[in-house]
Amino acid sequence: MDYDYIINTAIAITKGFKVTYSLLFTTLLLSLPLGLLIALARISKSRLLQYVAGTYIWLLRGTPLLLQVFFIYFGLPAFGITFDSMTAAIVAFSLNYAAYFAEIFRSGIQSIDRGQYESADVLGLTYTQTMKRIIIPQMAKRVLPPVSNEVITLVKDTALVFGIGLLDTLRTAQIIVTRDFNITAFVIAGIFYLINTLILTLIFNRLEQKYSYYYD
Amino acid sequence: MNILSINNVSKKFGDLEVLKNITIDVAEGEVIAIIGPSGSGKSTLLRCIIKLVNIDKGSIEIEGKPMVYRDTEGNSIYSSDKDIRVLRKKMGMVFQNFNLFPHKSVLENIIEAPLTVNNAIRKEAESTADKLLAKVGLSDKRNSFPCELSGGQKQRVAIARALAMNPAIMLFDEPTSALDPELTGEVLRVMKALAEERMTMLVVTHEMAFAREVADRVIFMDLGEIIEQGSPKEVFGNPTHPRTKAFLGQILR
């Protein structure tokens, strides 16, 4: 085994980490709150909001993520909106993941017992206070497993940005493999994804543990 | 002055008339037990009083102020949201299934509404909560979570939580029906102590011994109507209506 080659390859691939990580964390930062807003719109009393949220979710879940990335990067300039490739990727990923998170949050909110709303209501809490202080905190505990699932999918989906020429981890590895006729770079990239999903799994396990101080 | 006046209240769920022309006046300090077979509309009545459910016909006044009134054509009109908020705050409710907030400690459950709704100062809210916890005999459970409590303890916390908002009237919706028989006593004792402090109470219950011993008045409901009412002595000792007799005959057997 040529250890020097492995180490040099690994160092070369780290250049791709930055793209993968920025996309991953920015997407999470934007899509989680956006998903919550869409979920709240979807269960609101306003028919219009329900309809808008429903249509949004249908469109974003109903088309390939890569198509959405293409649309925002190549399609929007036709309407005078131009993004650099990283911003385009972040926008597409955030909008797309928000749709999935919205459905997870909605199911979590709707799984909370009606009695919780009723007791908050008779105590005088407004709808907003009830959501913020009673329902959403309980929802958060229940949705941790499916959210963890989505986040792990997201780690791997970031590799789709090769489509608009971004040099993420997988694309960087692919360039090295093509150049050297040696698949070591793919193995290293695979290990990179595995380590990241492992770290995220552990973080989510910790969060679940943190919430285990109560059960209902 | 009456704390609560319910006048000719009717409510339908689809074609089903769950409440038919219910009229009840509740005087200050009065304890009323509402009894009757399941499906008689007892719980719906409580839920209408605190506006978890809206009524179709009739009027409801709290301390003489209308929550829902009849206009000149006899239609029931609800007061403004702002007025309703003020009136609902005068009522506390205890549910069959406790409905404590599972993610909050006992103390946090009790101070939640005082802090969020009344903008109380935390220190004062906590000291009120501690007094209420002592009253319901759960001072040692202050920092426990609902999942760590027995059903009877949960219900006592729920009573303390309702009392923390300093209501003028307490509504109890079958407070002991979800409890194991050996746990009903501790909840009923707390309710009895409240009654002795002259808290105005409307109690939907299947606990006939409690109704007989604590209530000033017993109302028997069946199929959405008040069939008979009177002192416990009258209703239990000498029921006049055949349906009351049949019900009591069944339940007291």
# chains A, B, ... in the order shown; residues from 1 in each chain; ligands from 1
call {"tool": "closest_atom_pairs", "arguments": {"of": "chain A", "to": "chain B", "cutoff": "12 Å", "atoms": "only C-alpha atoms", "output": "JSON lines"}}
result
{"residue": "A:Ile112", "atom": "CA", "partner": "B:Phe101", "partner_atom": "CA", "distance": 10.8}
{"residue": "A:Asp113", "atom": "CA", "partner": "B:Asn99", "partner_atom": "CA", "distance": 8.7}
{"residue": "A:Arg114", "atom": "CA", "partner": "B:Asn99", "partner_atom": "CA", "distance": 9.0}
{"residue": "A:Gly115", "atom": "CA", "partner": "B:Asn99", "partner_atom": "CA", "distance": 5.5}
{"residue": "A:Gln116", "atom": "CA", "partner": "B:Asn99", "partner_atom": "CA", "distance": 5.7}
{"residue": "A:Tyr117", "atom": "CA", "partner": "B:Asn99", "partner_atom": "CA", "distance": 8.9}
{"residue": "A:Glu118", "atom": "CA", "partner": "B:Leu52", "partner_atom": "CA", "distance": 7.1}
{"residue": "A:Ser119", "atom": "CA", "partner": "B:Asn99", "partner_atom": "CA", "distance": 6.2}
{"residue": "A:Ala120", "atom": "CA", "partner": "B:Ala113", "partner_atom": "CA", "distance": 8.0}
{"residue": "A:Asp121", "atom": "CA", "partner": "B:Leu52", "partner_atom": "CA", "distance": 7.9}
{"residue": "A:Val122", "atom": "CA", "partner": "B:Met93", "partner_atom": "CA", "distance": 6.7}
{"residue": "A:Leu123", "atom": "CA", "partner": "B:Ala113", "partner_atom": "CA", "distance": 5.9}
{"residue": "A:Gly124", "atom": "CA", "partner": "B:Val117", "partner_atom": "CA", "distance": 6.2}
{"residue": "A:Leu125", "atom": "CA", "partner": "B:Val117", "partner_atom": "CA", "distance": 6.0}
{"residue": "A:Thr126", "atom": "CA", "partner": "B:Val117", "partner_atom": "CA", "distance": 8.3}
{"residue": "A:Tyr127", "atom": "CA", "partner": "B:Val117", "partner_atom": "CA", "distance": 11.8}
{"residue": "A:Thr128", "atom": "CA", "partner": "B:Thr116", "partner_atom": "CA", "distance": 11.2}
{"residue": "A:Gln129", "atom": "CA", "partner": "B:Thr116", "partner_atom": "CA", "distance": 7.7}
{"residue": "A:Thr130", "atom": "CA", "partner": "B:Thr116", "partner_atom": "CA", "distance": 9.8}
{"residue": "A:Lys132", "atom": "CA", "partner": "B:Thr116", "partner_atom": "CA", "distance": 11.1}
{"residue": "A:Arg133", "atom": "CA", "partner": "B:Glu112", "partner_atom": "CA", "distance": 8.9}
{"residue": "A:Ile134", "atom": "CA", "partner": "B:Phe101", "partner_atom": "CA", "distance": 7.0}
{"residue": "A:Ile135", "atom": "CA", "partner": "B:Phe101", "partner_atom": "CA", "distance": 9.2}
{"residue": "A:Ile136", "atom": "CA", "partner": "B:His103", "partner_atom": "CA", "distance": 10.7}
{"residue": "A:Pro137", "atom": "CA", "partner": "B:His103", "partner_atom": "CA", "distance": 7.6}
{"residue": "A:Gln138", "atom": "CA", "partner": "B:His103", "partner_atom": "CA", "distance": 6.6}
{"residue": "A:Met139", "atom": "CA", "partner": "B:His103", "partner_atom": "CA", "distance": 10.4}
{"residue": "A:Ala140", "atom": "CA", "partner": "B:His103", "partner_atom": "CA", "distance": 10.8}
{"residue": "A:Lys141", "atom": "CA", "partner": "B:His103", "partner_atom": "CA", "distance": 9.5}
{"residue": "A:Arg142", "atom": "CA", "partner": "B:His103", "partner_atom": "CA", "distance": 11.7}
{"residue": "A:Lys210", "atom": "CA", "partner": "B:His103", "partner_atom": "CA", "distance": 11.8}
{"residue": "A:Tyr211", "atom": "CA", "partner": "B:His103", "partner_atom": "CA", "distance": 8.7}
{"residue": "A:Ser212", "atom": "CA", "partner": "B:His103", "partner_atom": "CA", "distance": 9.8}
{"residue": "A:Tyr213", "atom": "CA", "partner": "B:Phe145", "partner_atom": "CA", "distance": 8.2}
{"residue": "A:Tyr214", "atom": "CA", "partner": "B:His103", "partner_atom": "CA", "distance": 6.1}
{"residue": "A:Tyr215", "atom": "CA", "partner": "B:Cys147", "partner_atom": "CA", "distance": 6.1}
{"residue": "A:Asp216", "atom": "CA", "partner": "B:Pro102", "partner_atom": "CA", "distance": 5.8}
call {"tool": "select_by_dssp", "arguments": {"residues": "stretch 21-193 of chain B", "states": "alpha helix (DSSP H)", "output": "VMD selection string"}}
result
chain B and resid 42 to 49 81 to 88 106 to 116 122 to 135 151 to 163 184 to 193
call {"tool": "write_last_selection", "arguments": {"atoms": "C-alpha atoms", "output": "PDB file, in the first residue's frame"}}
result
ATOM      1  CA  LYS B  42     -73.194  16.722  31.094  1.00  0.00           C
ATOM      2  CA  SER B  43     -69.691  17.125  29.718  1.00  0.00           C
ATOM      3  CA  THR B  44     -70.895  19.076  26.705  1.00  0.00           C
ATOM      4  CA  LEU B  45     -72.622  21.468  29.063  1.00  0.00           C
ATOM      5  CA  LEU B  46     -69.350  22.197  30.883  1.00  0.00           C
ATOM      6  CA  ARG B  47     -67.540  22.558  27.575  1.00  0.00           C
ATOM      7  CA  CYS B  48     -70.178  25.045  26.409  1.00  0.00           C
ATOM      8  CA  ILE B  49     -69.876  27.067  29.610  1.00  0.00           C
ATOM      9  CA  ASP B  81     -63.191  38.128  21.706  1.00  0.00           C
ATOM     10  CA  LYS B  82     -61.719  40.586  24.168  1.00  0.00           C
ATOM     11  CA  ASP B  83     -64.724  40.392  26.506  1.00  0.00           C
ATOM     12  CA  ILE B  84     -64.834  36.615  26.202  1.00  0.00           C
ATOM     13  CA  ARG B  85     -61.167  36.381  27.190  1.00  0.00           C
ATOM     14  CA  VAL B  86     -61.885  38.326  30.364  1.00  0.00           C
ATOM     15  CA  LEU B  87     -64.898  36.149  31.213  1.00  0.00           C
ATOM     16  CA  ARG B  88     -63.199  32.835  30.489  1.00  0.00           C
ATOM     17  CA  VAL B 106     -45.237  20.214  38.100  1.00  0.00           C
ATOM     18  CA  LEU B 107     -44.179  23.733  39.067  1.00  0.00           C
ATOM     19  CA  GLU B 108     -43.882  24.848  35.443  1.00  0.00           C
ATOM     20  CA  ASN B 109     -47.332  23.450  34.711  1.00  0.00           C
ATOM     21  CA  ILE B 110     -48.794  25.587  37.476  1.00  0.00           C
ATOM     22  CA  ILE B 111     -46.974  28.842  36.685  1.00  0.00           C
ATOM     23  CA  GLU B 112     -47.350  28.560  32.897  1.00  0.00           C
ATOM     24  CA  ALA B 113     -50.628  30.473  32.618  1.00  0.00           C
ATOM     25  CA  PRO B 114     -49.882  33.049  35.341  1.00  0.00           C
ATOM     26  CA  LEU B 115     -46.612  33.903  33.562  1.00  0.00           C
ATOM     27  CA  THR B 116     -47.782  33.702  29.954  1.00  0.00           C
ATOM     28  CA  ARG B 122     -41.964  34.628  38.325  1.00  0.00           C
ATOM     29  CA  LYS B 123     -41.164  34.810  42.023  1.00  0.00           C
ATOM     30  CA  GLU B 124     -44.749  35.610  42.936  1.00  0.00           C
ATOM     31  CA  ALA B 125     -46.123  32.961  40.595  1.00  0.00           C
ATOM     32  CA  GLU B 126     -43.816  30.398  42.164  1.00  0.00           C
ATOM     33  CA  SER B 127     -44.778  31.293  45.699  1.00  0.00           C
ATOM     34  CA  THR B 128     -48.474  31.040  44.761  1.00  0.00           C
ATOM     35  CA  ALA B 129     -47.734  27.683  43.131  1.00  0.00           C
ATOM     36  CA  ASP B 130     -45.980  26.450  46.259  1.00  0.00           C
ATOM     37  CA  LYS B 131     -48.976  27.407  48.380  1.00  0.00           C
ATOM     38  CA  LEU B 132     -51.290  25.572  45.978  1.00  0.00           C
ATOM     39  CA  LEU B 133     -49.031  22.525  45.955  1.00  0.00           C
ATOM     40  CA  ALA B 134     -49.148  22.457  49.744  1.00  0.00           C
ATOM     41  CA  LYS B 135     -52.907  22.715  49.556  1.00  0.00           C
ATOM     42  CA  GLY B 151     -53.223   9.539  38.219  1.00  0.00           C
ATOM     43  CA  GLY B 152     -54.461  10.951  41.491  1.00  0.00           C
ATOM     44  CA  GLN B 153     -51.385  13.134  41.830  1.00  0.00           C
ATOM     45  CA  LYS B 154     -51.724  14.326  38.239  1.00  0.00           C
ATOM     46  CA  GLN B 155     -55.296  15.353  38.846  1.00  0.00           C
ATOM     47  CA  ARG B 156     -54.323  17.224  41.994  1.00  0.00           C
ATOM     48  CA  VAL B 157     -51.676  19.106  39.992  1.00  0.00           C
ATOM     49  CA  ALA B 158     -54.331  19.879  37.384  1.00  0.00           C
ATOM     50  CA  ILE B 159     -56.535  21.330  40.127  1.00  0.00           C
ATOM     51  CA  ALA B 160     -53.642  23.439  41.430  1.00  0.00           C
ATOM     52  CA  ARG B 161     -52.904  24.610  37.891  1.00  0.00           C
ATOM     53  CA  ALA B 162     -56.494  25.758  37.409  1.00  0.00           C
ATOM     54  CA  LEU B 163     -56.551  27.452  40.822  1.00  0.00           C
ATOM     55  CA  THR B 184     -60.196   8.738  43.685  1.00  0.00           C
ATOM     56  CA  GLY B 185     -60.217   9.503  47.418  1.00  0.00           C
ATOM     57  CA  GLU B 186     -57.221  11.854  47.367  1.00  0.00           C
ATOM     58  CA  VAL B 187     -58.746  13.918  44.525  1.00  0.00           C
ATOM     59  CA  LEU B 188     -62.189  14.037  46.106  1.00  0.00           C
ATOM     60  CA  ARG B 189     -60.656  15.167  49.399  1.00  0.00           C
ATOM     61  CA  VAL B 190     -59.002  18.125  47.666  1.00  0.00           C
ATOM     62  CA  MET B 191     -62.308  18.991  46.002  1.00  0.00           C
ATOM     63  CA  LYS B 192     -64.121  18.729  49.286  1.00  0.00           C
ATOM     64  CA  ALA B 193     -61.607  21.065  50.908  1.00  0.00           C
TER      65      ALA B 193
END
call {"tool": "atom_distance", "arguments": {"atom1": "atom CA of A:Arg106", "atom2": "atom CA of A:Ala53"}}
result
11.2 Å
call {"tool": "residues_around", "arguments": {"residues": "stretch 66-77 of chain A", "least_positions_apart": "3", "cutoff": "7 Å", "atoms": "only C-alpha atoms", "output": "ChimeraX atom specification"}}
result
/A:63,80-83,85,88-89,92,160
call {"tool": "write_last_selection", "arguments": {"atoms": "N, CA, C and O atoms", "output": "short mmCIF file (atom, residue, chain, number, x, y, z; two decimals), in the first residue's frame"}}
result
data_model
loop_
_atom_site.label_atom_id
_atom_site.label_comp_id
_atom_site.auth_asym_id
_atom_site.auth_seq_id
_atom_site.Cartn_x
_atom_site.Cartn_y
_atom_site.Cartn_z
N THR A 63 -40.89 16.81 -7.68
CA THR A 63 -39.92 16.89 -8.78
C THR A 63 -38.54 16.56 -8.23
O THR A 63 -38.28 16.74 -7.04
N GLY A 80 -34.21 36.98 -15.13
CA GLY A 80 -33.40 38.06 -14.59
C GLY A 80 -32.88 37.82 -13.19
O GLY A 80 -32.39 38.73 -12.53
N ILE A 81 -33.03 36.58 -12.70
CA ILE A 81 -32.49 36.29 -11.36
C ILE A 81 -31.28 35.39 -11.51
O ILE A 81 -31.41 34.25 -11.97
N THR A 82 -30.12 35.88 -11.14
CA THR A 82 -28.91 35.06 -11.26
C THR A 82 -28.28 34.82 -9.90
O THR A 82 -28.21 35.71 -9.07
N PHE A 83 -27.89 33.58 -9.71
CA PHE A 83 -27.18 33.20 -8.48
C PHE A 83 -25.85 32.60 -8.89
O PHE A 83 -25.75 31.96 -9.93
N SER A 85 -23.17 29.55 -8.29
CA SER A 85 -23.59 28.15 -8.18
C SER A 85 -23.84 27.72 -6.74
O SER A 85 -24.77 26.99 -6.45
N ALA A 88 -27.17 29.14 -5.59
CA ALA A 88 -28.24 28.41 -6.27
C ALA A 88 -28.48 27.07 -5.58
O ALA A 88 -29.63 26.66 -5.34
N ALA A 89 -27.38 26.38 -5.26
CA ALA A 89 -27.51 25.07 -4.60
C ALA A 89 -28.19 25.23 -3.24
O ALA A 89 -29.10 24.48 -2.90
N ALA A 92 -31.96 25.98 -3.68
CA ALA A 92 -32.70 24.79 -4.11
C ALA A 92 -32.81 23.76 -2.99
O ALA A 92 -33.89 23.23 -2.72
N LEU A 160 -25.20 15.95 -5.16
CA LEU A 160 -25.88 16.29 -6.42
C LEU A 160 -25.36 17.59 -7.05
O LEU A 160 -25.58 17.83 -8.24
#
call {"tool": "residues_around", "arguments": {"residues": "A:Phe162", "least_positions_apart": "6", "cutoff": "10 Å", "atoms": "only C-alpha atoms", "output": "MDAnalysis selection string"}}
result
chainID A and resid 66 168:172
call {"tool": "residues_around", "arguments": {"residues": "B:Leu202", "least_positions_apart": "4", "cutoff": "12 Å", "atoms": "only C-alpha atoms", "output": "ChimeraX atom specification"}}
result
/B:3-4,24-35,42-43,45-47,49-50,91-94,168-175,191,194-195,211,214-219
call {"tool": "residues_around", "arguments": {"residues": "A:Val147", "least_positions_apart": "3", "cutoff": "8 Å", "atoms": "only C-alpha atoms", "output": "list in words"}}
result
Phe101, Ile104, Val143, Leu144, Glu150 and Val151 of chain A
call {"tool": "write_last_selection", "arguments": {"atoms": "N, CA and C atoms", "output": "PDB file, in the first residue's frame"}}
result
ATOM      1  N   PHE A 101     -39.362  18.624   5.621  1.00  0.00           N
ATOM      2  CA  PHE A 101     -39.459  18.936   7.052  1.00  0.00           C
ATOM      3  C   PHE A 101     -40.879  19.385   7.406  1.00  0.00           C
ATOM      4  N   ILE A 104     -42.988  16.444   8.012  1.00  0.00           N
ATOM      5  CA  ILE A 104     -42.611  15.797   9.276  1.00  0.00           C
ATOM      6  C   ILE A 104     -43.158  16.590  10.456  1.00  0.00           C
ATOM      7  N   VAL A 143     -40.501  14.355  16.538  1.00  0.00           N
ATOM      8  CA  VAL A 143     -40.017  14.323  15.152  1.00  0.00           C
ATOM      9  C   VAL A 143     -38.520  14.067  15.052  1.00  0.00           C
ATOM     10  N   LEU A 144     -37.831  13.945  16.176  1.00  0.00           N
ATOM     11  CA  LEU A 144     -36.378  13.747  16.087  1.00  0.00           C
ATOM     12  C   LEU A 144     -35.981  12.569  15.199  1.00  0.00           C
ATOM     13  N   GLU A 150     -33.908  12.503   7.601  1.00  0.00           N
ATOM     14  CA  GLU A 150     -33.790  13.482   6.514  1.00  0.00           C
ATOM     15  C   GLU A 150     -32.407  14.104   6.476  1.00  0.00           C
ATOM     16  N   VAL A 151     -31.862  14.400   7.658  1.00  0.00           N
ATOM     17  CA  VAL A 151     -30.552  15.058   7.708  1.00  0.00           C
ATOM     18  C   VAL A 151     -29.487  14.141   7.128  1.00  0.00           C
TER      19      VAL A 151
END
call {"tool": "decode", "arguments": {"residues": "stretch 218-241 of chain B", "atoms": "N, CA, C and O atoms", "output": "CSV table (one decimal), in the first residue's frame"}}
result
chain,number,residue,atom,x,y,z
B,218,VAL,N,-78.0,18.9,43.4
B,218,VAL,CA,-77.7,17.8,42.5
B,218,VAL,C,-78.6,18.0,41.3
B,218,VAL,O,-79.8,18.3,41.5
B,219,ILE,N,-78.0,18.0,40.1
B,219,ILE,CA,-78.8,18.1,38.9
B,219,ILE,C,-78.7,16.8,38.1
B,219,ILE,O,-77.6,16.3,37.9
B,220,PHE,N,-79.8,16.2,37.8
B,220,PHE,CA,-79.8,15.0,37.1
B,220,PHE,C,-80.2,15.3,35.6
B,220,PHE,O,-81.2,15.9,35.3
B,221,MET,N,-79.3,14.9,34.7
B,221,MET,CA,-79.5,15.1,33.3
B,221,MET,C,-79.6,13.8,32.6
B,221,MET,O,-79.0,12.8,32.9
B,222,ASP,N,-80.5,13.8,31.6
B,222,ASP,CA,-80.6,12.6,30.7
B,222,ASP,C,-81.0,13.1,29.3
B,222,ASP,O,-81.8,14.0,29.1
B,223,LEU,N,-80.3,12.6,28.3
B,223,LEU,CA,-80.6,12.9,26.9
B,223,LEU,C,-80.7,14.4,26.6
B,223,LEU,O,-81.6,14.9,25.9
B,224,GLY,N,-79.7,15.2,27.2
B,224,GLY,CA,-79.6,16.6,27.0
B,224,GLY,C,-80.6,17.5,27.7
B,224,GLY,O,-80.7,18.7,27.5
B,225,GLU,N,-81.3,16.9,28.7
B,225,GLU,CA,-82.3,17.7,29.4
B,225,GLU,C,-82.0,17.6,30.9
B,225,GLU,O,-81.5,16.6,31.4
B,226,ILE,N,-82.4,18.6,31.6
B,226,ILE,CA,-82.4,18.5,33.1
B,226,ILE,C,-83.7,17.8,33.5
B,226,ILE,O,-84.8,18.4,33.2
B,227,ILE,N,-83.6,16.7,34.1
B,227,ILE,CA,-84.8,15.9,34.4
B,227,ILE,C,-85.3,16.3,35.8
B,227,ILE,O,-86.5,16.4,36.1
B,228,GLU,N,-84.3,16.5,36.7
B,228,GLU,CA,-84.7,16.7,38.1
B,228,GLU,C,-83.5,17.4,38.8
B,228,GLU,O,-82.4,17.2,38.5
B,229,GLN,N,-83.8,18.3,39.7
B,229,GLN,CA,-82.8,18.9,40.5
B,229,GLN,C,-83.3,19.2,41.9
B,229,GLN,O,-84.5,19.4,42.1
B,230,GLY,N,-82.3,19.3,42.8
B,230,GLY,CA,-82.7,19.6,44.2
B,230,GLY,C,-81.5,19.3,45.1
B,230,GLY,O,-80.4,19.0,44.7
B,231,SER,N,-81.8,19.4,46.4
B,231,SER,CA,-80.7,19.1,47.4
B,231,SER,C,-80.4,17.6,47.2
B,231,SER,O,-81.2,16.8,46.8
B,232,PRO,N,-79.2,17.2,47.7
B,232,PRO,CA,-78.8,15.7,47.6
B,232,PRO,C,-79.9,14.9,48.3
B,232,PRO,O,-80.2,13.8,47.8
B,233,LYS,N,-80.4,15.4,49.4
B,233,LYS,CA,-81.4,14.7,50.1
B,233,LYS,C,-82.6,14.4,49.3
B,233,LYS,O,-83.1,13.2,49.2
B,234,GLU,N,-83.1,15.4,48.6
B,234,GLU,CA,-84.3,15.2,47.7
B,234,GLU,C,-84.0,14.3,46.6
B,234,GLU,O,-84.7,13.3,46.3
B,235,VAL,N,-82.9,14.6,45.8
B,235,VAL,CA,-82.6,13.8,44.6
B,235,VAL,C,-82.3,12.3,44.9
B,235,VAL,O,-82.8,11.4,44.3
B,236,PHE,N,-81.4,12.1,45.9
B,236,PHE,CA,-81.0,10.8,46.2
B,236,PHE,C,-82.1,10.1,47.1
B,236,PHE,O,-82.3,8.9,47.0
B,237,GLY,N,-82.7,10.8,48.0
B,237,GLY,CA,-83.6,10.2,49.0
B,237,GLY,C,-85.0,10.0,48.5
B,237,GLY,O,-85.6,9.0,48.8
B,238,ASN,N,-85.4,11.0,47.6
B,238,ASN,CA,-86.8,10.9,47.2
B,238,ASN,C,-86.9,11.4,45.8
B,238,ASN,O,-87.6,12.4,45.5
B,239,PRO,N,-86.3,10.7,44.8
B,239,PRO,CA,-86.4,11.1,43.4
B,239,PRO,C,-87.8,11.0,42.9
B,239,PRO,O,-88.5,10.0,43.2
B,240,THR,N,-88.2,12.0,42.2
B,240,THR,CA,-89.6,12.0,41.7
B,240,THR,C,-89.8,11.5,40.3
B,240,THR,O,-90.8,10.9,40.0
B,241,HIS,N,-88.8,11.7,39.5
B,241,HIS,CA,-88.9,11.3,38.1
B,241,HIS,C,-88.5,9.8,37.9
B,241,HIS,O,-87.5,9.4,38.4
